[in-house]
file upload05.cif (mmCIF, C-alpha atoms (C1' of nucleotides))
data_data
loop_
_atom_site.label_atom_id
_atom_site.label_comp_id
_atom_site.auth_asym_id
_atom_site.auth_seq_id
_atom_site.Cartn_x
_atom_site.Cartn_y
_atom_site.Cartn_z
CA MET A 1 11.64 -10.68 -28.50
CA LEU A 2 9.99 -7.32 -28.21
CA ALA A 3 8.19 -5.99 -25.17
CA GLY A 4 4.66 -6.77 -26.13
CA THR A 5 3.79 -10.35 -26.82
CA ASP A 6 0.06 -10.93 -26.53
CA ARG A 7 0.52 -13.30 -23.64
CA LYS A 8 2.77 -10.87 -21.87
CA ARG A 9 0.22 -8.11 -22.18
CA GLU A 10 -2.36 -10.43 -20.69
CA ILE A 11 -0.07 -11.14 -17.78
CA LEU A 12 0.46 -7.45 -17.14
CA SER A 13 -3.23 -6.75 -17.45
CA VAL A 14 -4.27 -9.47 -15.04
CA SER A 15 -1.50 -8.57 -12.61
CA GLN A 16 -2.52 -4.93 -12.59
CA ARG A 17 -6.01 -5.85 -11.64
CA LEU A 18 -4.92 -8.21 -8.90
CA PHE A 19 -2.27 -5.86 -7.53
CA LYS A 20 -4.91 -3.17 -7.41
CA GLU A 21 -7.42 -5.34 -5.61
CA LYS A 22 -5.14 -7.03 -3.09
CA GLY A 23 -1.87 -5.17 -3.17
CA TYR A 24 1.39 -6.39 -4.64
CA SER A 25 2.76 -8.47 -1.81
CA THR A 26 -0.55 -10.12 -1.02
CA THR A 27 -1.00 -11.18 -4.62
CA THR A 28 0.37 -14.59 -5.42
CA VAL A 29 2.09 -15.79 -8.52
CA ARG A 30 -0.31 -18.70 -8.34
CA GLU A 31 -3.31 -16.37 -8.41
CA ILE A 32 -2.03 -14.59 -11.46
CA ALA A 33 -1.50 -17.92 -13.17
CA ARG A 34 -4.93 -19.21 -12.22
CA GLU A 35 -6.63 -16.21 -13.82
CA LEU A 36 -4.81 -17.00 -17.04
CA ASN A 37 -5.64 -20.71 -16.88
CA ILE A 38 -1.99 -21.47 -16.74
CA GLU A 39 0.40 -23.20 -14.37
CA PRO A 40 2.40 -20.88 -12.11
CA ALA A 41 5.69 -22.00 -13.55
CA SER A 42 4.57 -21.10 -17.05
CA LEU A 43 4.61 -17.44 -16.17
CA TYR A 44 8.36 -17.57 -16.09
CA SER A 45 8.53 -18.07 -19.84
CA HIS A 46 7.29 -14.51 -20.22
CA VAL A 47 8.54 -12.76 -17.14
CA HIS A 48 11.73 -12.91 -15.12
CA SER A 49 10.10 -12.66 -11.72
CA LYS A 50 7.10 -11.37 -9.88
CA GLU A 51 8.88 -8.11 -9.27
CA ASP A 52 9.60 -7.84 -12.97
CA ILE A 53 5.85 -7.44 -13.49
CA LEU A 54 5.62 -4.66 -10.95
CA ASP A 55 8.64 -3.05 -12.51
CA GLN A 56 7.10 -2.85 -15.94
CA ILE A 57 3.83 -1.45 -14.63
CA CYS A 58 5.53 1.24 -12.57
CA PHE A 59 8.07 2.36 -15.11
CA GLY A 60 5.52 2.21 -17.90
CA MET A 61 3.36 4.77 -16.15
CA ALA A 62 6.32 6.85 -15.05
CA GLU A 63 7.52 7.22 -18.60
CA LYS A 64 4.14 8.28 -19.90
CA LEU A 65 3.83 10.96 -17.27
CA LEU A 66 7.36 12.25 -17.70
CA LEU A 67 6.96 12.49 -21.43
CA ALA A 68 3.78 14.46 -20.94
CA ILE A 69 5.15 16.99 -18.49
CA ASP A 70 8.27 17.60 -20.52
CA GLU A 71 6.06 18.31 -23.49
CA VAL A 72 4.02 20.75 -21.45
CA ASN A 73 7.05 22.69 -20.34
CA ASP A 74 8.32 22.74 -23.90
CA ILE A 75 5.18 23.89 -25.63
CA TYR A 76 3.45 26.35 -23.36
CA PHE A 77 4.84 29.61 -22.13
CA ASP A 78 2.35 30.89 -19.60
CA ALA A 79 1.47 29.33 -16.27
CA GLU A 80 -2.19 29.01 -17.04
CA GLY A 81 -1.64 27.01 -20.21
CA LYS A 82 1.00 24.89 -18.56
CA LEU A 83 -1.05 24.05 -15.50
CA ARG A 84 -4.19 23.35 -17.48
CA MET A 85 -2.37 21.06 -19.89
CA MET A 86 -0.50 19.34 -17.11
CA VAL A 87 -3.65 18.52 -15.15
CA ASP A 88 -5.36 17.41 -18.31
CA ASN A 89 -2.54 15.09 -19.27
CA HIS A 90 -2.12 13.74 -15.77
CA VAL A 91 -5.79 12.96 -15.28
CA GLY A 92 -5.98 11.56 -18.79
CA ILE A 93 -3.09 9.18 -18.29
CA LEU A 94 -4.30 7.95 -14.91
CA THR A 95 -7.88 7.36 -15.99
CA ASP A 96 -6.86 5.82 -19.28
CA ASP A 97 -5.25 2.90 -17.49
CA LEU A 98 -6.71 3.02 -14.04
CA ASN A 99 -5.44 -0.30 -12.77
CA ALA A 100 -1.90 0.46 -13.78
CA ALA A 101 -2.22 3.93 -12.29
CA ILE A 102 -3.29 2.59 -8.93
CA VAL A 103 -0.43 0.13 -8.83
CA PHE A 104 1.97 2.80 -9.97
CA ILE A 105 0.94 5.13 -7.17
CA LYS A 106 0.45 2.65 -4.36
CA GLU A 107 2.82 -0.24 -4.92
CA TRP A 108 6.04 1.20 -6.28
CA ARG A 109 7.81 0.94 -2.96
CA HIS A 110 7.86 -2.83 -3.23
CA LEU A 111 10.44 -2.47 -5.93
CA SER A 112 13.87 -3.43 -4.67
CA GLU A 113 17.18 -1.83 -5.36
CA PRO A 114 18.53 -0.69 -7.69
CA ARG A 115 15.24 -0.14 -9.50
CA LEU A 116 13.68 1.47 -6.47
CA SER A 117 16.19 4.32 -6.49
CA GLU A 118 15.77 4.74 -10.20
CA PHE A 119 12.05 5.02 -9.80
CA VAL A 120 12.39 7.62 -7.08
CA ARG A 121 14.68 9.55 -9.37
CA LEU A 122 12.00 9.64 -12.05
CA ARG A 123 9.41 10.77 -9.58
CA LYS A 124 11.66 13.60 -8.46
CA ARG A 125 12.08 14.62 -12.04
CA TYR A 126 8.33 14.87 -12.37
CA GLU A 127 8.09 16.99 -9.25
CA GLN A 128 10.79 19.18 -10.72
CA GLY A 129 8.69 19.65 -13.83
CA LEU A 130 5.79 20.67 -11.65
CA ARG A 131 7.92 23.19 -9.79
CA GLU A 132 8.89 24.67 -13.11
CA ILE A 133 5.22 25.32 -13.81
CA ILE A 134 4.76 26.92 -10.41
CA GLN A 135 7.83 29.06 -10.96
CA THR A 136 6.35 30.28 -14.21
CA GLY A 137 3.24 31.35 -12.35
CA ILE A 138 5.27 33.17 -9.73
CA ASP A 139 7.32 34.96 -12.38
CA GLU A 140 4.10 36.09 -14.01
CA HIS A 141 2.86 37.36 -10.64
CA LYS A 142 -0.08 35.00 -10.89
CA PHE A 143 0.78 32.79 -7.94
CA ASN A 144 1.63 33.53 -4.37
CA GLU A 145 5.25 33.11 -3.42
CA ILE A 146 4.47 29.76 -1.90
CA ASP A 147 6.92 27.12 -0.95
CA LYS A 148 7.44 25.48 -4.30
CA LYS A 149 7.98 22.05 -2.83
CA PHE A 150 4.79 22.36 -0.85
CA GLY A 151 2.95 23.46 -3.95
CA ALA A 152 4.21 20.68 -6.15
CA LEU A 153 3.44 17.98 -3.62
CA THR A 154 0.01 19.35 -2.84
CA ILE A 155 -0.90 19.48 -6.51
CA LEU A 156 0.35 15.95 -6.90
CA SER A 157 -1.69 14.48 -4.08
CA THR A 158 -4.72 16.40 -5.26
CA VAL A 159 -4.62 15.02 -8.79
CA ASN A 160 -3.48 11.56 -7.77
CA GLY A 161 -6.35 11.39 -5.31
CA ILE A 162 -8.79 10.69 -8.12
CA ILE A 163 -7.66 7.09 -8.39
CA ASP A 164 -9.43 6.38 -5.12
CA TRP A 165 -12.86 7.19 -6.46
CA TYR A 166 -12.81 7.54 -10.24
CA LYS A 167 -15.05 5.01 -11.96
CA PRO A 168 -14.93 4.76 -15.76
CA GLU A 169 -18.65 4.01 -15.80
CA GLY A 170 -19.48 6.92 -13.49
CA ASN A 171 -21.00 10.18 -14.69
CA LEU A 172 -17.89 12.30 -14.23
CA LYS A 173 -15.77 12.05 -17.36
CA PRO A 174 -11.98 12.50 -17.21
CA LYS A 175 -12.15 15.78 -19.04
CA GLU A 176 -14.66 17.20 -16.56
CA ILE A 177 -12.61 15.98 -13.62
CA ALA A 178 -9.54 17.62 -15.08
CA ASP A 179 -11.43 20.88 -15.54
CA SER A 180 -12.67 20.89 -11.96
CA LEU A 181 -9.27 20.01 -10.60
CA TYR A 182 -7.62 22.65 -12.70
CA THR A 183 -9.98 25.31 -11.39
CA PHE A 184 -9.51 24.06 -7.85
CA ILE A 185 -5.74 24.13 -8.06
CA TRP A 186 -5.46 27.35 -10.01
CA SER A 187 -7.69 29.15 -7.55
CA GLY A 188 -5.85 27.62 -4.65
CA LEU A 189 -2.52 28.90 -5.87
CA ARG A 190 -3.67 32.21 -7.25
CA LEU A 191 -2.42 35.48 -5.95
CA ASP A 192 -4.84 37.76 -4.19
CA ASN A 193 -7.17 35.52 -2.30
CA MET B 1 -6.75 -5.67 31.60
CA LEU B 2 -7.11 -2.24 30.04
CA ALA B 3 -6.07 -1.30 26.54
CA GLY B 4 -2.73 0.24 27.27
CA THR B 5 -0.13 -1.89 28.95
CA ASP B 6 3.32 -0.42 28.50
CA ARG B 7 4.46 -3.43 26.55
CA LYS B 8 1.46 -3.27 24.33
CA ARG B 9 2.07 0.35 23.52
CA GLU B 10 5.64 -0.53 22.61
CA ILE B 11 4.36 -3.22 20.28
CA LEU B 12 2.00 -0.82 18.58
CA SER B 13 4.68 1.82 18.30
CA VAL B 14 7.25 -0.50 16.78
CA SER B 15 4.68 -2.03 14.46
CA GLN B 16 3.56 1.35 13.22
CA ARG B 17 7.09 2.24 12.27
CA LEU B 18 7.70 -1.05 10.51
CA PHE B 19 4.34 -1.06 8.73
CA LYS B 20 5.12 2.43 7.55
CA GLU B 21 8.57 1.52 6.28
CA LYS B 22 7.79 -1.80 4.63
CA GLY B 23 4.05 -2.07 4.45
CA TYR B 24 1.84 -4.33 6.50
CA SER B 25 2.08 -7.57 4.59
CA THR B 26 5.81 -7.32 4.04
CA THR B 27 6.43 -6.80 7.73
CA THR B 28 7.04 -9.97 9.66
CA VAL B 29 5.93 -10.89 13.13
CA ARG B 30 9.53 -11.94 13.63
CA GLU B 31 10.77 -8.48 12.72
CA ILE B 32 8.45 -6.82 15.17
CA ALA B 33 9.64 -9.20 17.87
CA ARG B 34 13.30 -8.65 17.06
CA GLU B 35 12.96 -4.89 17.49
CA LEU B 36 11.54 -5.50 20.94
CA ASN B 37 14.25 -8.02 21.87
CA ILE B 38 11.60 -10.62 22.31
CA GLU B 39 10.77 -13.99 20.81
CA PRO B 40 8.08 -13.94 18.13
CA ALA B 41 5.78 -16.17 20.14
CA SER B 42 5.90 -13.77 23.08
CA LEU B 43 3.99 -11.19 21.12
CA TYR B 44 0.92 -13.33 21.42
CA SER B 45 0.71 -12.68 25.14
CA HIS B 46 -0.24 -9.10 24.28
CA VAL B 47 -1.92 -9.33 20.93
CA HIS B 48 -4.30 -11.81 19.36
CA SER B 49 -2.76 -11.76 15.92
CA LYS B 50 -0.77 -9.69 13.50
CA GLU B 51 -3.95 -8.29 12.09
CA ASP B 52 -5.04 -7.32 15.59
CA ILE B 53 -2.17 -4.84 15.61
CA LEU B 54 -3.22 -3.30 12.33
CA ASP B 55 -6.78 -3.20 13.59
CA GLN B 56 -5.91 -1.15 16.64
CA ILE B 57 -3.81 1.30 14.67
CA CYS B 58 -6.47 1.87 12.02
CA PHE B 59 -9.44 2.16 14.33
CA GLY B 60 -7.50 4.28 16.79
CA MET B 61 -6.89 6.91 14.13
CA ALA B 62 -10.38 6.61 12.72
CA GLU B 63 -11.93 7.35 16.09
CA LYS B 64 -9.79 10.40 16.66
CA LEU B 65 -10.72 11.85 13.31
CA LEU B 66 -14.40 11.11 13.65
CA LEU B 67 -14.55 12.66 17.08
CA ALA B 68 -12.90 15.76 15.69
CA ILE B 69 -15.17 16.25 12.72
CA ASP B 70 -18.31 15.68 14.76
CA GLU B 71 -17.12 18.35 17.13
CA VAL B 72 -16.51 20.73 14.25
CA ASN B 73 -20.01 20.26 12.89
CA ASP B 74 -21.45 20.72 16.36
CA ILE B 75 -19.59 23.86 17.36
CA TYR B 76 -19.26 26.01 14.29
CA PHE B 77 -22.05 27.43 12.23
CA ASP B 78 -20.42 29.01 9.22
CA ALA B 79 -18.54 27.22 6.49
CA GLU B 80 -15.36 29.18 6.96
CA GLY B 81 -15.05 28.30 10.63
CA LYS B 82 -15.96 24.70 9.96
CA LEU B 83 -13.52 24.21 7.15
CA ARG B 84 -10.70 25.96 8.94
CA MET B 85 -11.20 23.92 12.09
CA MET B 86 -11.59 20.71 10.18
CA VAL B 87 -8.34 21.14 8.28
CA ASP B 88 -6.58 22.18 11.46
CA ASN B 89 -7.78 19.13 13.34
CA HIS B 90 -7.08 16.77 10.50
CA VAL B 91 -3.54 17.97 9.91
CA GLY B 92 -2.96 18.07 13.66
CA ILE B 93 -4.06 14.50 14.19
CA LEU B 94 -2.07 13.14 11.26
CA THR B 95 1.15 14.94 12.12
CA ASP B 96 0.82 14.19 15.82
CA ASP B 97 1.21 10.49 15.18
CA LEU B 98 2.69 10.30 11.73
CA ASN B 99 3.52 6.61 11.67
CA ALA B 100 0.06 5.63 12.73
CA ALA B 101 -1.40 8.06 10.22
CA ILE B 102 0.52 6.55 7.34
CA VAL B 103 -0.53 3.05 8.29
CA PHE B 104 -4.09 4.22 8.75
CA ILE B 105 -4.20 5.73 5.29
CA LYS B 106 -2.22 3.17 3.34
CA GLU B 107 -2.70 -0.19 4.99
CA TRP B 108 -6.30 -0.38 6.14
CA ARG B 109 -7.32 -2.55 3.24
CA HIS B 110 -5.36 -5.46 4.66
CA LEU B 111 -7.97 -5.74 7.36
CA SER B 112 -10.21 -8.73 6.76
CA GLU B 113 -13.92 -9.05 7.24
CA PRO B 114 -15.87 -8.15 9.22
CA ARG B 115 -13.57 -5.39 10.45
CA LEU B 116 -12.87 -4.22 6.94
CA SER B 117 -16.50 -3.33 6.32
CA GLU B 118 -16.72 -1.64 9.66
CA PHE B 119 -13.70 0.47 8.85
CA VAL B 120 -15.14 1.48 5.50
CA ARG B 121 -18.32 2.48 7.30
CA LEU B 122 -16.37 4.81 9.56
CA ARG B 123 -14.58 6.34 6.62
CA LYS B 124 -17.87 6.99 4.89
CA ARG B 125 -19.13 8.68 8.00
CA TYR B 126 -16.14 10.98 7.90
CA GLU B 127 -16.79 11.82 4.27
CA GLN B 128 -20.36 12.53 5.23
CA GLY B 129 -19.15 15.01 7.84
CA LEU B 130 -17.08 16.68 5.17
CA ARG B 131 -20.01 16.93 2.85
CA GLU B 132 -21.95 18.60 5.61
CA ILE B 133 -19.30 21.30 5.73
CA ILE B 134 -19.45 21.75 1.99
CA GLN B 135 -23.23 21.95 2.12
CA THR B 136 -22.95 24.71 4.69
CA GLY B 137 -20.76 26.63 2.30
CA ILE B 138 -23.18 26.17 -0.55
CA ASP B 139 -26.10 27.28 1.60
CA GLU B 140 -24.16 30.41 2.51
CA HIS B 141 -23.50 31.05 -1.19
CA LYS B 142 -19.79 30.84 -0.51
CA PHE B 143 -19.05 27.74 -2.54
CA ASN B 144 -19.81 26.75 -6.07
CA GLU B 145 -22.55 24.18 -6.51
CA ILE B 146 -19.94 21.51 -6.99
CA ASP B 147 -20.49 17.83 -6.84
CA LYS B 148 -20.36 17.30 -3.11
CA LYS B 149 -18.82 13.87 -3.39
CA PHE B 150 -16.13 15.21 -5.66
CA GLY B 151 -15.46 18.01 -3.23
CA ALA B 152 -15.25 15.83 -0.18
CA LEU B 153 -12.90 13.36 -1.78
CA THR B 154 -10.69 16.02 -3.28
CA ILE B 155 -10.34 17.75 0.06
CA LEU B 156 -9.52 14.44 1.63
CA SER B 157 -6.77 13.53 -0.76
CA THR B 158 -5.37 17.02 -0.53
CA VAL B 159 -5.03 16.98 3.25
CA ASN B 160 -4.03 13.33 3.45
CA GLY B 161 -1.31 13.99 0.93
CA ILE B 162 0.85 15.61 3.57
CA ILE B 163 1.82 12.26 5.03
CA ASP B 164 3.99 11.66 2.00
CA TRP B 165 6.30 14.55 2.68
CA TYR B 166 5.72 15.98 6.16
CA LYS B 167 8.81 15.72 8.35
CA PRO B 168 8.48 16.64 12.03
CA GLU B 169 12.00 18.06 11.98
CA GLY B 170 11.32 20.08 8.82
CA ASN B 171 10.74 23.81 8.79
CA LEU B 172 7.04 23.66 8.00
CA LYS B 173 5.12 23.28 11.22
CA PRO B 174 1.71 21.55 11.30
CA LYS B 175 -0.09 24.79 12.01
CA GLU B 176 1.49 26.49 8.98
CA ILE B 177 0.69 23.52 6.79
CA ALA B 178 -2.90 23.60 7.94
CA ASP B 179 -3.11 27.32 7.18
CA SER B 180 -1.74 26.88 3.68
CA LEU B 181 -3.99 23.94 2.99
CA TYR B 182 -7.00 25.78 4.30
CA THR B 183 -6.33 28.72 2.02
CA PHE B 184 -5.72 26.40 -0.88
CA ILE B 185 -8.94 24.48 -0.35
CA TRP B 186 -11.08 27.48 0.52
CA SER B 187 -9.97 29.32 -2.58
CA GLY B 188 -10.41 26.22 -4.66
CA LEU B 189 -14.01 25.82 -3.61
CA ARG B 190 -14.96 29.46 -3.43
CA LEU B 191 -17.65 30.95 -5.55
CA ASP B 192 -16.67 33.51 -8.14
CA ASN B 193 -13.31 32.50 -9.36
"C1'" DA C 1 11.71 -33.30 -43.77
"C1'" DG C 2 14.61 -31.74 -40.27
"C1'" DC C 3 15.59 -28.25 -36.90
"C1'" DT C 4 14.54 -24.60 -33.72
"C1'" DT C 5 11.81 -22.04 -30.98
"C1'" DT C 6 7.86 -21.10 -28.23
"C1'" DG C 7 4.79 -21.91 -24.65
"C1'" DC C 8 3.22 -24.71 -21.72
"C1'" DC C 9 3.54 -28.77 -18.40
"C1'" DT C 10 4.85 -31.73 -13.94
"C1'" DA C 11 7.49 -31.99 -9.96
"C1'" DA C 12 9.88 -30.32 -6.58
"C1'" DC C 13 12.44 -27.23 -3.39
"C1'" DA C 14 14.09 -24.24 0.14
"C1'" DA C 15 12.76 -20.56 2.69
"C1'" DA C 16 9.67 -17.84 5.15
"C1'" DT C 17 5.24 -17.18 7.25
"C1'" DG C 18 1.65 -16.73 11.27
"C1'" DT C 19 0.47 -19.25 15.00
"C1'" DT C 20 0.02 -22.75 18.88
"C1'" DA C 21 1.30 -25.78 22.79
"C1'" DG C 22 3.41 -26.19 26.81
"C1'" DC C 23 6.83 -24.76 30.17
"C1'" DC C 24 8.94 -21.79 33.73
"C1'" DG C 25 10.74 -18.04 36.69
"C1'" DG C 26 9.51 -14.31 39.30
"C1'" DA C 27 6.45 -10.78 40.94
"C1'" DA C 28 2.12 -9.81 43.19
"C1'" DC C 29 -1.15 -10.93 46.14
"C1'" DA C 30 -3.68 -13.87 49.88
"C1'" DT D 1 4.33 -18.73 52.87
"C1'" DG D 2 1.54 -20.54 49.42
"C1'" DT D 3 -0.85 -19.47 45.15
"C1'" DT D 4 -1.97 -17.04 41.10
"C1'" DC D 5 -0.86 -14.93 37.11
"C1'" DC D 6 1.87 -12.29 34.00
"C1'" DG D 7 5.28 -12.18 30.49
"C1'" DG D 8 8.49 -14.30 28.57
"C1'" DC D 9 10.76 -18.80 26.65
"C1'" DT D 10 11.69 -23.21 23.36
"C1'" DA D 11 10.05 -26.04 19.96
"C1'" DA D 12 7.43 -27.14 16.52
"C1'" DC D 13 3.56 -26.99 13.12
"C1'" DA D 14 1.26 -26.66 8.66
"C1'" DT D 15 0.97 -23.55 4.85
"C1'" DT D 16 2.24 -20.65 1.54
"C1'" DT D 17 5.66 -18.38 -0.91
"C1'" DG D 18 8.66 -17.45 -5.38
"C1'" DT D 19 11.30 -19.99 -8.22
"C1'" DT D 20 13.92 -23.69 -10.92
"C1'" DA D 21 14.86 -28.00 -13.57
"C1'" DG D 22 13.71 -30.60 -17.14
"C1'" DG D 23 10.61 -32.39 -20.48
"C1'" DC D 24 7.30 -32.36 -24.40
"C1'" DA D 25 4.17 -31.20 -28.17
"C1'" DA D 26 3.01 -28.16 -31.73
"C1'" DA D 27 4.07 -24.33 -34.77
"C1'" DG D 28 7.30 -22.00 -37.73
"C1'" DC D 29 11.31 -21.72 -40.39
"C1'" DT D 30 15.00 -23.50 -43.85
#

call {"tool": "encode", "arguments": {"input": "upload05.cif", "output": "structure tokens"}}
result
Amino acid sequence: MLAGTDRKREILSVSQRLFKEKGYSTTTVREIARELNIEPASLYSHVHSKEDILDQICFGMAEKLLLAIDEVNDIYFDAEGKLRMMVDNHVGILTDDLNAAIVFIKEWRHLSEPRLSEFVRLRKRYEQGLREIIQTGIDEHKFNEIDKKFGALTILSTVNGIIDWYKPEGNLKPKEIADSLYTFIWSGLRLDN
Amino acid sequence: MLAGTDRKREILSVSQRLFKEKGYSTTTVREIARELNIEPASLYSHVHSKEDILDQICFGMAEKLLLAIDEVNDIYFDAEGKLRMMVDNHVGILTDDLNAAIVFIKEWRHLSEPRLSEFVRLRKRYEQGLREIIQTGIDEHKFNEIDKKFGALTILSTVNGIIDWYKPEGNLKPKEIADSLYTFIWSGLRLDN
DNA sequence: AGCTTTGCCTAACAAATGTTAGCCGGAACA
DNA sequence: TGTTCCGGCTAACATTTGTTAGGCAAAGCT
């Protein structure tokens, strides 16, 4: 049984939306079932537990993002290219699956051990990738010698912030958002301001 | 009976910490009581409900921030002064009561109507104050003609992001953080980059 | 046709939840 | 000294929670 039965995808999709709207712990297994016109117990044919759903959403997003940032650090050599591509990828991935992104960013802490620690590990790896980009910029004398941790975390909250207001039907398209954010961040980090 | 009995402050303080650590809906009235060496039912001598606690935390922070930004827009006339003071105040208020700040930012949506709508109204008013600052900068030809909503929300997520990593015992002091963030934001918005 | 698997069902459970009712000792106040 | 009231207690409540056991019909495979 592979990961993506149709029914299972529906469950994940519905759960994402509900988790986004009400938060993970306020969302009920019964609510998820009701939206699928199914009895609560029937969910357990497709999913091991409620937390299993959260798990798949969170790690699904984490893997996409990690893959993307590793690629960036592999392909590009200068800080400008790296940062631009990173922001582009990051914004693209979040906006492409907004519900999942929101859950990923806001609800991961409801994971329980040992998956919680594993998730945190992945997140640290992503931050590490970001610091690599910043280091590149410093080496090129493009960035100030800022605290790299500060820089990475500030970039992260800046780009992640879009999930609070991005609307697919709005007039700002992901690509434009990424461009603006890139400019904002690049200027914010740049040497000689 | 005024707002701040000693016992009541203890309840708020303990609740803030627990809400921060586990989230509002995962935190139990019984847990709060246990930390105070009290029976769960005894809480209700000081507080109307669990949500009442969340209410006071969220609106307490909201009022502090609103007061601060109104002051900024009253006192200062140029964008630079306004922005600098705003970031300073914002970072100061968040770091001064970190637990409350985290709950304020992450748990407000568990408020129920009609308080939820009222809270959202206050938040919008704060964003409006921010847009006023941005407008000042545009009028002075210091900022790009950016989408003001985009700008306000990006600034907000950038400064709010600190709650995810700020540690009072760390080596970055609030004032330094505010300075770095100010520079970051100012440069990010500035015309001619 | 017989067998297996899939996907749902009904029924139920044990645990945990927020909250209320009613009591009671001691401090504060008259 | 008598009375009020504050801040805690015990006991219990009705719901809601995630989850399991066991069955059953239809589809798919051999």

call {"tool": "atom_distance", "arguments": {"input": "upload05.cif", "atom1": "atom CA of Ile32 of chain B", "atom2": "atom CA of Ile11 of chain B"}}
result
7.5 Å

call {"tool": "atom_distance", "arguments": {"input": "upload05.cif", "atom1": "atom C1' of DC13 of chain C", "atom2": "atom CA of Leu12 of chain A"}}
result
26.9 Å

call {"tool": "interface_residues", "arguments": {"input": "upload05.cif", "of": "chain A", "to": "chain B", "cutoff": "9 Å", "atoms": "all atoms listed in the file", "output": "MDAnalysis selection string"}}
result
chainID A and resid 22:23 25:26 106 109:110 146 150 153:162 164:165 177 180:181 183:190 193

call {"tool": "residues_around", "arguments": {"input": "upload05.cif", "residues": "segment 1-16 of chain D", "least_positions_apart": "3", "cutoff": "9 Å", "atoms": "all atoms listed in the file", "output": "PyMOL selection string"}}
result
(chain B and resi 38-39+41-42+45-46) or (chain C and resi 16-17+19-21+23-24+27-30)

call {"tool": "resolve_selection", "arguments": {"input": "upload05.cif", "expression": "the PyMOL selection byres ((chain A and resi 59-69) around 8)", "output": "PyMOL selection string"}}
result
chain A and resi 55-58+70-73+86+89-90+93+100-101+104+119+122-123+125-126+129-130

call {"tool": "resolve_selection", "arguments": {"input": "upload05.cif", "expression": "the PyMOL selection byres ((chain A) within 9 of (chain D))", "output": "MDAnalysis selection string"}}
result
chainID A and resid 28:29 41 44 49:50

call {"tool": "interface_residues", "arguments": {"input": "upload05.cif", "of": "chain C", "to": "chain A", "cutoff": "9 Å", "atoms": "only C-alpha atoms (C1' of nucleotides)", "output": "list of chain:residue names"}}
result
C:DT6, C:DG7, C:DC8, C:DC9

call {"tool": "atom_distance", "arguments": {"input": "upload05.cif", "atom1": "atom CA of Gly81 of chain B", "atom2": "atom CA of Gly137 of chain B"}}
result
10.2 Å

call {"tool": "closest_residue", "arguments": {"input": "upload05.cif", "among": "B:Glu176, B:Arg9, B:Lys20, B:Thr27", "to": "DG18 of chain C", "atoms": "all atoms listed in the file"}}
result
B:Thr27

call {"tool": "decode", "arguments": {"input": "upload05.cif", "residues": "segment 139-150 of chain A", "atoms": "N, CA and C atoms", "output": "compact mmCIF listing (two decimals), in the first residue's frame"}}
result
# COMPACT_ATOMS: atom_id res chain seq x y z
N ASP A 139 31.46 36.14 2.84
CA ASP A 139 32.73 35.85 2.17
C ASP A 139 32.92 36.75 0.94
N GLU A 140 31.82 37.03 0.28
CA GLU A 140 31.90 37.88 -0.92
C GLU A 140 31.93 39.36 -0.56
N HIS A 141 31.94 39.66 0.73
CA HIS A 141 31.89 41.05 1.20
C HIS A 141 30.65 41.78 0.70
N LYS A 142 29.56 41.04 0.62
CA LYS A 142 28.29 41.64 0.21
C LYS A 142 27.41 41.93 1.43
N PHE A 143 27.56 41.09 2.44
CA PHE A 143 26.74 41.25 3.64
C PHE A 143 27.57 41.80 4.79
N ASN A 144 26.87 42.44 5.71
CA ASN A 144 27.51 42.80 6.96
C ASN A 144 27.87 41.54 7.74
N GLU A 145 28.82 41.67 8.61
CA GLU A 145 29.20 40.56 9.47
C GLU A 145 28.16 40.40 10.58
N ILE A 146 26.94 40.11 10.18
CA ILE A 146 25.90 39.98 11.19
C ILE A 146 25.99 38.64 11.88
N ASP A 147 25.33 38.58 12.99
CA ASP A 147 25.13 37.30 13.67
C ASP A 147 24.39 36.39 12.70
N LYS A 148 25.03 35.29 12.36
CA LYS A 148 24.42 34.43 11.34
C LYS A 148 23.12 33.81 11.81
N LYS A 149 23.07 33.48 13.09
CA LYS A 149 21.84 32.89 13.61
C LYS A 149 20.71 33.91 13.53
N PHE A 150 21.02 35.11 13.96
CA PHE A 150 20.04 36.19 13.87
C PHE A 150 19.56 36.35 12.43
